[in-house]
>>> print(open('input.pdb').read())   # PDB, C-alpha atoms and all ligand atoms
ATOM      1  CA  MET A   1       1.322   6.851  -3.406
ATOM      2  CA  LEU A   2       4.617   8.466  -2.688
ATOM      3  CA  ALA A   3       7.546   8.049  -5.018
ATOM      4  CA  LYS A   4      10.451  10.411  -5.011
ATOM      5  CA  ARG A   5      13.823   9.895  -6.540
ATOM      6  CA  GLY A   6      14.732  13.534  -6.295
ATOM      7  CA  GLY A   7      15.501  13.307  -2.616
ATOM      8  CA  CYS A   8      16.833   9.783  -3.147
ATOM      9  CA  LYS A   9      13.822   8.386  -1.329
ATOM     10  CA  MET A  10      11.999   5.414  -2.718
ATOM     11  CA  ILE A  11       8.962   4.676  -0.641
ATOM     12  CA  LEU A  12       6.396   3.367  -3.100
ATOM     13  CA  ARG A  13       3.600   2.736  -0.631
ATOM     14  CA  LYS A  14       3.078   4.536   2.659
ATOM     15  CA  LEU A  15       1.425   3.061   5.697
ATOM     16  CA  LYS A  16      -2.037   4.356   6.454
ATOM     17  CA  LYS A  17      -4.894   3.299   8.675
ATOM     18  CA  SER A  18      -6.308   0.111   7.149
ATOM     19  CA  LEU A  19      -9.786  -0.023   5.690
ATOM     20  CA  VAL A  20     -10.693  -2.572   8.364
ATOM     21  CA  LEU A  21      -9.602  -0.302  11.236
ATOM     22  CA  GLN A  22     -11.367   2.643   9.580
ATOM     23  CA  LYS A  23     -14.550   0.552   9.586
ATOM     24  CA  TYR A  24     -14.213  -0.289  13.296
ATOM     25  CA  ASP A  25     -13.609   3.400  14.075
ATOM     26  CA  ALA A  26     -16.742   4.362  12.142
ATOM     27  CA  ILE A  27     -18.962   1.590  13.525
ATOM     28  CA  ILE A  28     -18.384   1.891  17.283
ATOM     29  CA  PRO A  29     -19.753   5.420  17.861
ATOM     30  CA  ARG A  30     -22.786   4.427  15.759
ATOM     31  CA  LEU A  31     -23.917   1.417  17.789
ATOM     32  CA  ARG A  32     -26.353   1.759  20.665
ATOM     33  CA  LEU A  33     -24.688   1.223  24.024
ATOM     34  CA  ASN A  34     -26.482  -2.050  24.704
ATOM     35  CA  PHE A  35     -25.657  -3.554  21.321
ATOM     36  CA  PRO A  36     -24.826  -7.260  21.771
ATOM     37  CA  HIS A  37     -21.083  -7.980  21.691
ATOM     38  CA  LEU A  38     -20.206  -4.288  21.746
ATOM     39  CA  GLN A  39     -17.341  -5.000  24.150
ATOM     40  CA  GLU A  40     -15.980  -7.666  21.851
ATOM     41  CA  ILE A  41     -16.112  -5.217  18.931
ATOM     42  CA  GLU A  42     -14.323  -2.574  21.011
ATOM     43  CA  ARG A  43     -11.642  -5.092  22.035
ATOM     44  CA  GLU A  44     -11.054  -5.979  18.394
ATOM     45  CA  GLN A  45     -10.727  -2.289  17.496
ATOM     46  CA  ALA A  46      -8.270  -1.673  20.364
ATOM     47  CA  LEU A  47      -6.167  -4.635  19.246
ATOM     48  CA  ARG A  48      -6.062  -3.400  15.664
ATOM     49  CA  LEU A  49      -5.222   0.122  16.774
ATOM     50  CA  LYS A  50      -2.347  -1.215  18.883
ATOM     51  CA  GLY A  51      -1.129  -3.160  15.857
ATOM     52  CA  TYR A  52      -1.333  -0.051  13.684
ATOM     53  CA  LYS A  53       0.672   1.998  16.190
ATOM     54  CA  GLY A  54       3.297  -0.745  16.264
ATOM     55  CA  GLU A  55       3.459  -0.737  12.476
ATOM     56  CA  LYS A  56       3.927   3.052  12.526
ATOM     57  CA  ALA A  57       6.851   2.663  14.928
ATOM     58  CA  VAL A  58       8.488   0.057  12.684
ATOM     59  CA  GLU A  59       7.818   2.148   9.568
ATOM     60  CA  TYR A  60       9.776   4.998  11.161
ATOM     61  CA  HIS A  61      12.914   2.845  11.448
ATOM     62  CA  LEU A  62      12.581   1.120   8.095
ATOM     63  CA  ASP A  63      12.178   4.350   6.151
ATOM     64  CA  PHE A  64      15.816   5.198   6.879
ATOM     65  CA  LEU A  65      16.641   2.476   4.355
ATOM     66  CA  ALA A  66      14.817   4.373   1.610
ATOM     67  CA  VAL A  67      18.051   6.091   0.550
ATOM     68  CA  ASP A  68      19.274   2.843  -1.017
ATOM     69  CA  ALA A  69      16.264   0.564  -1.036
ATOM     70  CA  THR A  70      12.734   0.487  -2.386
ATOM     71  CA  ILE A  71      10.131   0.213   0.349
ATOM     72  CA  LEU A  72       6.447  -0.708   0.366
ATOM     73  CA  HIS A  73       4.288  -0.746   3.488
ATOM     74  CA  ASP A  74       1.058  -2.646   4.017
ATOM     75  CA  VAL A  75       1.269  -4.968   1.035
ATOM     76  CA  CYS A  76      -1.573  -7.289   0.054
ATOM     77  CA  LEU A  77      -1.011  -9.621  -2.907
ATOM     78  CA  THR A  78      -2.824 -12.596  -4.392
ATOM     79  CA  VAL A  79      -1.246 -15.940  -5.060
ATOM     80  CA  MET A  80      -3.227 -18.920  -6.363
ATOM     81  CA  GLY A  81      -6.462 -17.002  -5.839
ATOM     82  CA  LYS A  82      -5.736 -16.269  -2.175
ATOM     83  CA  GLN A  83      -4.762 -12.977  -0.609
ATOM     84  CA  PHE A  84      -1.771 -12.629   1.677
ATOM     85  CA  GLN A  85      -0.540  -9.622   3.593
ATOM     86  CA  ILE A  86       2.971  -8.458   4.388
ATOM     87  CA  ASP A  87       3.404  -5.465   6.705
ATOM     88  CA  ASN A  88       6.527  -4.143   4.960
ATOM     89  CA  ILE A  89       8.670  -5.141   1.981
ATOM     90  CA  VAL A  90      12.186  -3.752   1.599
ATOM     91  CA  VAL A  91      13.827  -4.439  -1.747
ATOM     92  CA  THR A  92      17.581  -3.833  -1.732
ATOM     93  CA  SER A  93      20.210  -4.187  -4.437
ATOM     94  CA  HIS A  94      20.566  -7.924  -3.796
ATOM     95  CA  GLY A  95      17.504  -9.205  -1.969
ATOM     96  CA  ILE A  96      13.980  -8.824  -0.701
ATOM     97  CA  PHE A  97      13.218  -8.411   2.996
ATOM     98  CA  PRO A  98       9.621  -8.925   4.100
ATOM     99  CA  VAL A  99       9.316  -7.382   7.581
ATOM    100  CA  GLU A 100       6.414  -8.219   9.892
ATOM    101  CA  SER A 101       5.650  -5.829  12.747
ATOM    102  CA  LYS A 102       4.653  -7.394  16.057
ATOM    103  CA  ASN A 103       3.413  -5.475  19.028
ATOM    104  CA  TYR A 104       3.619  -7.312  22.367
ATOM    105  CA  SER A 105       3.946  -5.777  25.775
ATOM    106  CA  GLY A 106       5.871  -7.420  28.595
ATOM    107  CA  THR A 107       8.253 -10.320  28.074
ATOM    108  CA  ILE A 108       8.095 -12.689  25.117
ATOM    109  CA  THR A 109       9.788 -16.062  24.930
ATOM    110  CA  PHE A 110      10.491 -17.845  21.661
ATOM    111  CA  ASP A 111      10.583 -21.602  22.154
ATOM    112  CA  THR A 112      12.596 -22.834  19.174
ATOM    113  CA  VAL A 113      11.965 -26.503  19.912
ATOM    114  CA  LEU A 114       8.201 -26.432  20.347
ATOM    115  CA  LYS A 115       7.835 -23.505  17.911
ATOM    116  CA  GLN A 116       5.706 -21.416  20.172
ATOM    117  CA  LEU A 117       5.657 -17.876  21.438
ATOM    118  CA  ILE A 118       4.684 -17.171  25.025
ATOM    119  CA  ARG A 119       4.021 -13.716  26.372
ATOM    120  CA  GLU A 120       4.091 -12.856  30.061
ATOM    121  CA  ASN A 121       2.836  -9.524  31.314
ATOM    122  CA  GLY A 122       3.412 -10.102  35.009
ATOM    123  CA  MET A 123      -0.072 -11.479  35.522
ATOM    124  CA  LYS A 124      -0.423 -14.368  33.138
ATOM    125  CA  GLU A 125       1.058 -16.260  30.228
ATOM    126  CA  THR A 126      -0.528 -16.149  26.781
ATOM    127  CA  GLY A 127       0.389 -18.216  23.735
ATOM    128  CA  TYR A 128       0.601 -16.715  20.249
ATOM    129  CA  ASP A 129       1.185 -17.910  16.689
ATOM    130  CA  TYR A 130       4.904 -18.451  16.207
ATOM    131  CA  PRO A 131       6.006 -15.380  14.208
ATOM    132  CA  VAL A 132       9.019 -17.125  12.682
ATOM    133  CA  THR A 133       6.791 -19.755  11.076
ATOM    134  CA  GLN A 134       4.447 -17.003   9.876
ATOM    135  CA  ALA A 135       7.385 -15.121   8.351
ATOM    136  CA  GLU A 136       8.668 -18.263   6.607
ATOM    137  CA  LEU A 137       5.202 -18.905   5.214
ATOM    138  CA  GLN A 138       5.087 -15.385   3.848
ATOM    139  CA  LYS A 139       8.486 -15.863   2.281
ATOM    140  CA  PHE A 140       7.150 -18.951   0.546
ATOM    141  CA  LYS A 141       4.061 -17.121  -0.748
ATOM    142  CA  LEU A 142       6.118 -14.171  -1.947
ATOM    143  CA  GLN A 143       8.485 -16.563  -3.709
ATOM    144  CA  MET A 144       5.540 -18.154  -5.523
ATOM    145  CA  TRP A 145       4.212 -14.731  -6.454
ATOM    146  CA  LEU A 146       7.589 -13.703  -7.880
ATOM    147  CA  GLN A 147       7.960 -16.978  -9.772
ATOM    148  CA  GLU A 148       4.556 -16.517 -11.380
ATOM    149  CA  ARG A 149       5.962 -13.266 -12.780
ATOM    150  CA  ASN A 150       9.211 -14.789 -13.944
ATOM    151  CA  LEU A 151      11.195 -13.087 -11.218
ATOM    152  CA  GLN A 152      13.344 -15.981 -10.134
ATOM    153  CA  ASN A 153      16.484 -16.605  -8.119
ATOM    154  CA  ILE A 154      15.932 -13.671  -5.835
ATOM    155  CA  GLN A 155      17.131 -13.982  -2.263
ATOM    156  CA  ILE A 156      14.343 -13.476   0.282
ATOM    157  CA  HIS A 157      15.096 -13.009   3.961
ATOM    158  CA  PRO A 158      12.035 -12.575   6.206
ATOM    159  CA  LEU A 159      12.344 -10.561   9.411
ATOM    160  CA  VAL A 160      10.147  -9.985  12.438
ATOM    161  CA  ALA A 161      10.273  -6.527  14.019
ATOM    162  CA  ILE A 162       9.201  -6.175  17.657
ATOM    163  CA  SER A 163       7.755  -2.686  17.632
ATOM    164  CA  ASP A 164       7.843  -1.800  21.337
ATOM    165  CA  PRO A 165      11.447  -1.191  22.468
ATOM    166  CA  GLY A 166      10.321  -2.021  26.009
ATOM    167  CA  THR A 167       9.410  -5.618  25.099
ATOM    168  CA  ILE A 168      11.921  -8.076  26.542
ATOM    169  CA  ILE A 169      12.828 -10.826  24.083
ATOM    170  CA  LYS A 170      13.867 -14.200  25.513
ATOM    171  CA  VAL A 171      14.718 -17.444  23.778
ATOM    172  CA  LYS A 172      14.294 -21.016  24.931
ATOM    173  CA  GLY A 173      16.482 -23.129  22.661
ATOM    174  CA  GLU A 174      18.511 -21.883  19.666
ATOM    175  CA  LYS A 175      19.347 -18.221  20.272
ATOM    176  CA  CYS A 176      21.066 -17.803  16.881
ATOM    177  CA  GLU A 177      18.003 -18.997  15.034
ATOM    178  CA  ILE A 178      15.922 -16.210  16.581
ATOM    179  CA  ALA A 179      18.644 -13.545  16.404
ATOM    180  CA  LYS A 180      18.796 -14.068  12.617
ATOM    181  CA  ALA A 181      15.129 -13.278  12.141
ATOM    182  CA  VAL A 182      13.808 -11.279  15.099
ATOM    183  CA  ALA A 183      14.813  -7.924  16.587
ATOM    184  CA  HIS A 184      13.451  -4.675  17.942
ATOM    185  CA  GLY A 185      12.457  -2.282  15.154
ATOM    186  CA  ALA A 186      15.514  -0.055  15.552
ATOM    187  CA  HIS A 187      17.874  -2.966  14.733
ATOM    188  CA  ILE A 188      16.103  -4.101  11.577
ATOM    189  CA  PRO A 189      17.753  -1.595   9.160
ATOM    190  CA  GLY A 190      21.217  -2.752  10.302
ATOM    191  CA  MET A 191      20.245  -6.393   9.802
ATOM    192  CA  VAL A 192      18.981  -5.631   6.298
ATOM    193  CA  ILE A 193      22.205  -3.816   5.361
ATOM    194  CA  GLN A 194      24.389  -6.603   6.728
ATOM    195  CA  LYS A 195      22.453  -9.372   5.011
ATOM    196  CA  ASN A 196      22.445  -7.424   1.750
ATOM    197  CA  ASN A 197      26.238  -7.161   1.983
ATOM    198  CA  ASP A 198      26.440 -10.951   2.432
ATOM    199  CA  TYR A 199      24.256 -11.441  -0.641
ATOM    200  CA  LYS A 200      26.480  -9.109  -2.700
ATOM    201  CA  GLU A 201      29.329 -11.618  -2.530
ATOM    202  CA  LYS A 202      27.430 -14.518  -4.046
ATOM    203  CA  HIS A 203      24.386 -13.234  -5.837
ATOM    204  CA  ALA A 204      23.599 -11.042  -8.805
ATOM    205  CA  LYS A 205      22.270  -7.527  -8.489
ATOM    206  CA  ILE A 206      18.529  -7.115  -8.840
ATOM    207  CA  SER A 207      16.499  -4.149  -9.972
ATOM    208  CA  ALA A 208      14.929  -3.018  -6.698
ATOM    209  CA  GLU A 209      12.793  -0.352  -8.286
ATOM    210  CA  LYS A 210      11.457  -2.660 -11.000
ATOM    211  CA  ILE A 211      10.485  -5.316  -8.456
ATOM    212  CA  GLY A 212       8.997  -2.688  -6.147
ATOM    213  CA  ARG A 213       6.870  -1.300  -8.976
ATOM    214  CA  ALA A 214       5.713  -4.798  -9.995
ATOM    215  CA  ILE A 215       4.536  -5.375  -6.416
ATOM    216  CA  LEU A 216       2.898  -1.943  -6.216
ATOM    217  CA  LYS A 217       1.001  -2.537  -9.449
ATOM    218  CA  GLU A 218      -0.772  -5.583  -8.066
ATOM    219  CA  CYS A 219      -1.040  -4.464  -4.467
ATOM    220  CA  LYS A 220      -4.646  -4.467  -3.246
ATOM    221  CA  GLU A 221      -6.118  -2.823  -0.224
ATOM    222  CA  PHE A 222      -6.984  -5.557   2.265
ATOM    223  CA  ASP A 223     -10.665  -5.498   3.144
ATOM    224  CA  MET A 224     -13.022  -7.475   5.329
ATOM    225  CA  ASP A 225     -16.768  -7.400   5.933
ATOM    226  CA  VAL A 226     -16.502  -6.175   9.527
ATOM    227  CA  MET A 227     -20.279  -5.662   9.858
ATOM    228  CA  ALA A 228     -21.113  -9.227   8.805
ATOM    229  CA  ASN A 229     -18.345 -10.663  11.001
ATOM    230  CA  HIS A 230     -19.962  -9.175  14.077
ATOM    231  CA  GLY A 231     -23.576  -9.668  12.975
ATOM    232  CA  ILE A 232     -24.153  -5.932  12.531
ATOM    233  CA  LYS A 233     -26.937  -4.974  10.122
ATOM    234  CA  ALA A 234     -27.154  -1.681   8.227
ATOM    235  CA  THR A 235     -30.213  -0.854  10.341
ATOM    236  CA  ASP A 236     -28.084  -1.164  13.516
ATOM    237  CA  ILE A 237     -25.929   1.773  12.373
ATOM    238  CA  LEU A 238     -27.308   4.898  14.066
ATOM    239  CA  PRO A 239     -27.690   7.865  11.729
ATOM    240  CA  GLY A 240     -26.693  11.433  12.535
ATOM    241  CA  VAL A 241     -23.824  13.882  12.286
ATOM    242  CA  GLN A 242     -21.271  13.329  15.038
ATOM    243  CA  CYS A 243     -19.941  16.242  17.088
ATOM    244  CA  PRO A 244     -16.191  16.515  16.400
ATOM    245  CA  ALA A 245     -15.602  17.779  19.943
ATOM    246  CA  CYS A 246     -17.620  15.501  22.243
ATOM    247  CA  GLY A 247     -18.567  12.640  19.909
ATOM    248  CA  ARG A 248     -22.321  12.950  20.413
ATOM    249  CA  LEU A 249     -24.436  11.889  17.430
ATOM    250  CA  GLY A 250     -27.205  14.150  16.137
ATOM    251  CA  MET A 251     -25.814  17.625  15.493
ATOM    252  CA  LYS A 252     -28.516  20.020  14.314
ATOM    253  CA  ARG A 253     -28.254  22.017  11.103
ATOM    254  CA  GLY A 254     -28.928  25.747  11.256
ATOM    255  CA  TYR A 255     -27.535  28.914   9.679
ATOM    256  CA  GLY A 256     -25.108  27.018   7.449
ATOM    257  CA  LYS A 257     -23.522  25.214  10.394
ATOM    258  CA  TRP A 258     -23.930  22.113  12.514
ATOM    259  CA  ALA A 259     -24.495  22.665  16.207
ATOM    260  CA  CYS A 260     -24.021  20.215  19.080
ATOM    261  CA  GLU A 261     -26.764  20.389  21.662
ATOM    262  CA  ARG A 262     -24.538  18.956  24.366
ATOM    263  CA  CYS A 263     -21.305  20.958  24.149
ATOM    264  CA  PHE A 264     -22.476  23.781  21.818
ATOM    265  CA  THR A 265     -19.654  23.179  19.356
ATOM    266  CA  LEU A 266     -20.309  24.616  15.901
ATOM    267  CA  SER A 267     -18.965  22.971  12.768
ATOM    268  CA  LYS A 268     -19.180  23.866   9.106
ATOM    269  CA  ASN A 269     -18.317  20.470   7.708
ATOM    270  CA  ALA A 270     -19.062  17.788  10.332
ATOM    271  CA  HIS A 271     -21.352  16.163   7.730
ATOM    272  CA  LEU A 272     -18.334  15.071   5.668
ATOM    273  CA  LYS A 273     -17.412  12.449   8.274
ATOM    274  CA  ALA A 274     -21.025  11.214   8.411
ATOM    275  CA  ILE A 275     -21.154  10.831   4.629
ATOM    276  CA  ALA A 276     -17.785   9.057   4.671
ATOM    277  CA  ASP A 277     -19.107   6.673   7.367
ATOM    278  CA  TYR A 278     -22.174   5.953   5.253
ATOM    279  CA  LEU A 279     -20.079   5.175   2.167
ATOM    280  CA  LEU A 280     -17.711   2.990   4.212
ATOM    281  CA  LEU A 281     -20.356   1.031   6.113
ATOM    282  CA  ILE A 282     -23.707   1.064   4.340
ATOM    283  CA  LYS A 283     -23.269   1.402   0.582
ATOM    284  CA  PRO A 284     -20.552   2.818  -1.683
ATOM    285  CA  TRP A 285     -23.044   5.447  -2.873
ATOM    286  CA  ILE A 286     -25.697   7.679  -1.331
ATOM    287  CA  ASN A 287     -28.859   9.256  -2.741
ATOM    288  CA  ASN A 288     -30.729  12.364  -1.648
ATOM    289  CA  LYS A 289     -33.311  10.497   0.430
ATOM    290  CA  GLU A 290     -30.694   8.504   2.318
ATOM    291  CA  ALA A 291     -28.618  11.638   2.905
ATOM    292  CA  MET A 292     -31.660  13.306   4.477
ATOM    293  CA  ARG A 293     -32.199  10.333   6.758
ATOM    294  CA  PHE A 294     -28.541   9.847   7.686
ATOM    295  CA  LEU A 295     -27.737  13.533   8.246
ATOM    296  CA  ASN A 296     -31.087  14.077   9.942
ATOM    297  CA  ILE A 297     -32.259  16.993   7.796
ATOM    298  CA  ASN A 298     -35.708  17.455   6.341
ATOM    299  CA  CYS A 299     -34.993  19.720   3.401
ATOM    300  CA  LYS A 300     -34.409  18.116   0.026
ATOM    301  CA  SER A 301     -32.585  21.069  -1.500
ATOM    302  CA  LEU A 302     -30.290  21.385   1.530
ATOM    303  CA  ALA A 303     -29.377  17.694   1.195
ATOM    304  CA  ASN A 304     -28.683  18.318  -2.468
ATOM    305  CA  ARG A 305     -26.493  21.338  -1.734
ATOM    306  CA  ILE A 306     -24.561  19.379   0.886
ATOM    307  CA  LEU A 307     -24.010  16.406  -1.410
ATOM    308  CA  LYS A 308     -22.921  18.696  -4.239
ATOM    309  CA  SER A 309     -20.246  20.292  -2.092
ATOM    310  CA  SER A 310     -18.950  17.073  -0.513
ATOM    311  CA  GLY A 311     -16.403  16.185  -3.176
ATOM    312  CA  LEU A 312     -18.485  13.312  -4.565
ATOM    313  CA  SER A 313     -19.376  12.595  -8.153
ATOM    314  CA  TYR A 314     -22.966  12.401  -9.357
ATOM    315  CA  GLU A 315     -24.119   9.265 -11.155
ATOM    316  CA  LYS A 316     -26.956  10.670 -13.234
ATOM    317  CA  GLU A 317     -28.297   7.304 -14.357
ATOM    318  CA  PHE A 318     -28.908   6.179 -10.760
ATOM    319  CA  LYS A 319     -29.490   9.628  -9.245
ATOM    320  CA  ARG A 320     -26.900   8.985  -6.578
ATOM    321  CA  TRP A 321     -23.527  10.207  -5.382
ATOM    322  CA  ALA A 322     -20.365   8.157  -5.068
ATOM    323  CA  LYS A 323     -16.695   8.659  -4.295
ATOM    324  CA  LYS A 324     -14.688  10.113  -7.126
TER     325      LYS A 324
HETATM  326 ZN    ZN B   1     -20.514  18.115  21.262
END
>>> encode(input="input.pdb", output="structure tokens")
Amino acid sequence: MLAKRGGCKMILRKLKKSLVLQKYDAIIPRLRLNFPHLQEIEREQALRLKGYKGEKAVEYHLDFLAVDATILHDVCLTVMGKQFQIDNIVVTSHGIFPVESKNYSGTITFDTVLKQLIRENGMKETGYDYPVTQAELQKFKLQMWLQERNLQNIQIHPLVAISDPGTIIKVKGEKCEIAKAVAHGAHIPGMVIQKNNDYKEKHAKISAEKIGRAILKECKEFDMDVMANHGIKATDILPGVQCPACGRLGMKRGYGKWACERCFTLSKNAHLKAIADYLLLIKPWINNKEAMRFLNINCKSLANRILKSSGLSYEKEFKRWAKK
């Protein structure tokens, strides 16, 4: 969490790699090369990584608004027992602006009559969910969430940010309708400022920080059972310490260091990533026996020493280590 008023910056929640993408990153190097659907899993990871990079690009532009507004990235809230995600929320003096980041390459065409989005990349046309409808739906959910907390009569204006400045945006139908809600990332701050100025004339001031903190308080980290979704069992996850230089699994421990047999890289703490992978993918805790298996070491006291110095906390009752 990052909250600074000193420098007049109010970014309550920074963007970071999602738990789901972290899981994909950890899983792929630990599957055997002939694992069924490996390509599909890799495609999914690439798509999510592209999305994350797009979100980073949009975050860069939005954060300029932090001088006057309260900003939260990667928001996940619950309304009526169901989770919903919003890439960015900007709360200004007179309104709330949910901003979705979209990363498309090539040319995109918004069809305002048929409510569809078509992307052309020179080779073929692909249809996508209509982002304007998605944004309106999110506005509706956010409105319900605010109402449940007695935060009423707040203006909400959803926006869609196209993260790649090279994407060509075309409209079939009502241009104004799209221009109100969709723009390249760099134009979004200007749109927020202008709309906020419009709101100032007719609507009461709101407490941006108070609303931002209320959202932050209930913001959850979005999670998904990636392993189950792709039919991956815990036994499919290959053990071993991964070489930080060449990516090979199975570094050998000797003389207080890990050594790669392929590229001869030496590492003092390559086991930290392996333990983190275990906690992310297998179980949220690890015991001595499992550490020996997963790190591929055959000395109990070495495993104990490693676990002790890995920044984990010991749960005496269960004789296991977990994240602090
Ligand atoms: Zn290596």
>>> residues_near_point(input="input.pdb", point="(-33.7, 12.0, 0.2)", cutoff="10 Å", atoms="all atoms listed in the file", output="PDB file with C-alpha atoms, in the frame of the given file")
ATOM      1  CA  ILE A 286     -25.697   7.679  -1.331  1.00  0.00           C
ATOM      2  CA  ASN A 287     -28.859   9.256  -2.741  1.00  0.00           C
ATOM      3  CA  ASN A 288     -30.729  12.364  -1.648  1.00  0.00           C
ATOM      4  CA  LYS A 289     -33.311  10.497   0.430  1.00  0.00           C
ATOM      5  CA  GLU A 290     -30.694   8.504   2.318  1.00  0.00           C
ATOM      6  CA  ALA A 291     -28.618  11.638   2.905  1.00  0.00           C
ATOM      7  CA  MET A 292     -31.660  13.306   4.477  1.00  0.00           C
ATOM      8  CA  ARG A 293     -32.199  10.333   6.758  1.00  0.00           C
ATOM      9  CA  PHE A 294     -28.541   9.847   7.686  1.00  0.00           C
ATOM     10  CA  ILE A 297     -32.259  16.993   7.796  1.00  0.00           C
ATOM     11  CA  ASN A 298     -35.708  17.455   6.341  1.00  0.00           C
ATOM     12  CA  CYS A 299     -34.993  19.720   3.401  1.00  0.00           C
ATOM     13  CA  LYS A 300     -34.409  18.116   0.026  1.00  0.00           C
ATOM     14  CA  SER A 301     -32.585  21.069  -1.500  1.00  0.00           C
ATOM     15  CA  ALA A 303     -29.377  17.694   1.195  1.00  0.00           C
ATOM     16  CA  ASN A 304     -28.683  18.318  -2.468  1.00  0.00           C
TER      17      ASN A 304
END
>>> residues_near_ligand(input="input.pdb", ligand="ligand ZN 1 (chain B)", cutoff="8 Å", atoms="all atoms listed in the file", output="list in words")
Gln242, Cys243, Pro244, Ala245, Cys246, Gly247, Arg248, Met251, Ala259, Cys260, Glu261, Arg262, Cys263, Phe264 and Thr265 of chain A
>>> resolve_selection(input="input.pdb", expression="the PyMOL selection byres (((chain A and resi 258) around 9) and not hetatm)", output="JSON, numbers by chain")
{"A": [241, 243, 251, 252, 253, 254, 255, 256, 257, 259, 260, 265, 266, 267, 268, 269, 270, 271]}
>>> closest_residue(input="input.pdb", among="A:Leu15, A:Leu280, A:Arg43, A:Lys308", to="Met224 in chain A", atoms="all atoms listed in the file")
A:Leu280
>>> resolve_selection(input="input.pdb", expression="the PyMOL selection byres (((chain A and resi 170) around 12) and not hetatm)", output="VMD selection string")
chain A and resid 106 to 112 117 to 120 167 to 169 171 to 176 178 to 179 182 to 183
>>> residues_around(input="input.pdb", residues="His37 in chain A", least_positions_apart="4", cutoff="10 Å", atoms="all atoms listed in the file", output="PyMOL selection string")
chain A and resi 41-43+230-232
>>> closest_residue(input="input.pdb", among="A:Gln22, A:Asn150, A:Asn34, A:Thr70", to="Ile96 in chain A", atoms="all atoms listed in the file")
A:Thr70
>>> residues_around(input="input.pdb", residues="range 50-54 of chain A", least_positions_apart="3", cutoff="12 Å", atoms="only C-alpha atoms", output="ChimeraX atom specification")
/A:15-22,43-47,57-61,73-74,87,100-105,161-165,167,184-185
